[in-house]
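> The following block contains the structure, expressed as structure tokens.
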Amino acid sequence: MTGRTIVFIFSILALSACAPTVRAPATLYDQLGGNAGIARLTDAAIDQYAADPRVAPMFDHVDIGRFRRVFAEYICVVSDGPCRYTGASMADAHRGMNLHEGQFNAIVEDLTAAMTSVHVSVPTQNRLIKRLAKVRTDVLYK
Ligand code: HEM
């Protein structure tokens, strides 16, 4: 190996040692605190729904244990987490409820309050609400 080759190899090694670590940008799932954060958020959302007279009656005959599980899976998938959603499609899940805009807005308000209560930052709240709002036409008037 020539002297120039050795200098070249050392330069590459020195440069790579200084290179900043390249990290993938945080997913929304990470920003929500992963599975543990989403579990806390789901519990807080269920508490908000139960305390909201615009929403609570819809959940009167719902198996809350199952809802808790599939809702958390749904949030996980929507936020690019490593989960599989095993619940019904949004249209099927809300079929027969004939939901209107007022109820949709109530759910969004309750979810926002739930995120605040578990200390999700406002930009992260906005990211999740933006994704969930896309299902509006799938859940309304079914
Ligand atoms: C952003 C809008 C919404 C999203 C993302 C959403 C998400 C979900 C998910 C993931 C489920 C579980 C599906 C399953 O049971 O397999 C579900 C069920 C349910 N949702 Fe929604 N939902 C939304 C809006 C609403 C609204 C506006 C109401 C009523 C005020 C509502 C009431 C219910 C009820 C009562 C169930 C339980 C259905 C059952 O177990 O038979 N949802 N929702």
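Residue names in the structure tokens use chain letters A, B, ... in the order shown, residue numbers from 1 in each chain, and ligand numbers from 1 in the order shown.
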Please list as a short mmCIF file (atom, residue, chain, number, x, y, z; two decimals) with N, CA, C and O atoms, in the first residue's frame every residue within 10 Å of Val108 in chain A, counting only C-alpha atoms and excluding residues in the same chain fewer than 3 positions away.


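Wrote around-v7.cif, looks like this:
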```cif
data_model
loop_
_atom_site.label_atom_id
_atom_site.label_comp_id
_atom_site.auth_asym_id
_atom_site.auth_seq_id
_atom_site.Cartn_x
_atom_site.Cartn_y
_atom_site.Cartn_z
N ALA A 45 -59.51 8.76 25.60
CA ALA A 45 -60.59 9.03 24.64
C ALA A 45 -61.88 8.37 25.12
O ALA A 45 -62.96 8.99 25.08
N GLY A 102 -72.50 17.09 13.70
CA GLY A 102 -72.38 17.48 15.10
C GLY A 102 -71.70 16.39 15.92
O GLY A 102 -70.84 16.67 16.77
N GLN A 103 -72.08 15.13 15.65
CA GLN A 103 -71.47 14.01 16.39
C GLN A 103 -70.01 13.82 15.96
O GLN A 103 -69.16 13.50 16.77
N PHE A 104 -69.76 14.02 14.67
CA PHE A 104 -68.38 13.90 14.18
C PHE A 104 -67.49 14.95 14.86
O PHE A 104 -66.42 14.65 15.38
N ASN A 105 -67.99 16.20 14.90
CA ASN A 105 -67.21 17.26 15.55
C ASN A 105 -67.01 16.96 17.04
O ASN A 105 -65.95 17.25 17.60
N LEU A 111 -61.48 13.67 21.20
CA LEU A 111 -60.14 13.11 20.95
C LEU A 111 -59.06 14.15 21.23
O LEU A 111 -58.00 13.83 21.79
N THR A 112 -59.34 15.40 20.85
CA THR A 112 -58.37 16.47 21.09
C THR A 112 -58.18 16.67 22.59
O THR A 112 -57.04 16.78 23.08
N ALA A 113 -59.30 16.68 23.34
CA ALA A 113 -59.20 16.83 24.80
C ALA A 113 -58.43 15.65 25.40
O ALA A 113 -57.61 15.82 26.32
N ALA A 114 -58.67 14.45 24.85
CA ALA A 114 -57.97 13.26 25.35
C ALA A 114 -56.46 13.40 25.11
O ALA A 114 -55.65 13.10 25.99
N ILE A 129 -55.29 14.31 13.98
CA ILE A 129 -56.65 14.73 13.61
C ILE A 129 -56.78 14.83 12.08
O ILE A 129 -57.78 14.42 11.50
N LEU A 132 -57.26 11.35 10.81
CA LEU A 132 -58.55 10.75 11.17
C LEU A 132 -59.70 11.43 10.42
O LEU A 132 -60.69 10.79 10.07
N ALA A 133 -59.54 12.74 10.19
CA ALA A 133 -60.63 13.50 9.54
C ALA A 133 -60.94 12.97 8.14
O ALA A 133 -62.03 13.18 7.63
#
```

> Give the residues close to ligand 1, within 8 Å, counting only C-alpha atoms and all ligand atoms; write them as a ChimeraX atom specification.

/A:54-56,58-64,66-67,70-75,86-90,92-94,97,99-108,129,132-136,139-140

> When you count only C-alpha atoms, which of these residues is closest to Val118 in chain A: A:Arg95, A:Arg131, A:Arg68, A:Arg40?

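Result for the nearest residue to Val118 in chain A: A:Arg40.
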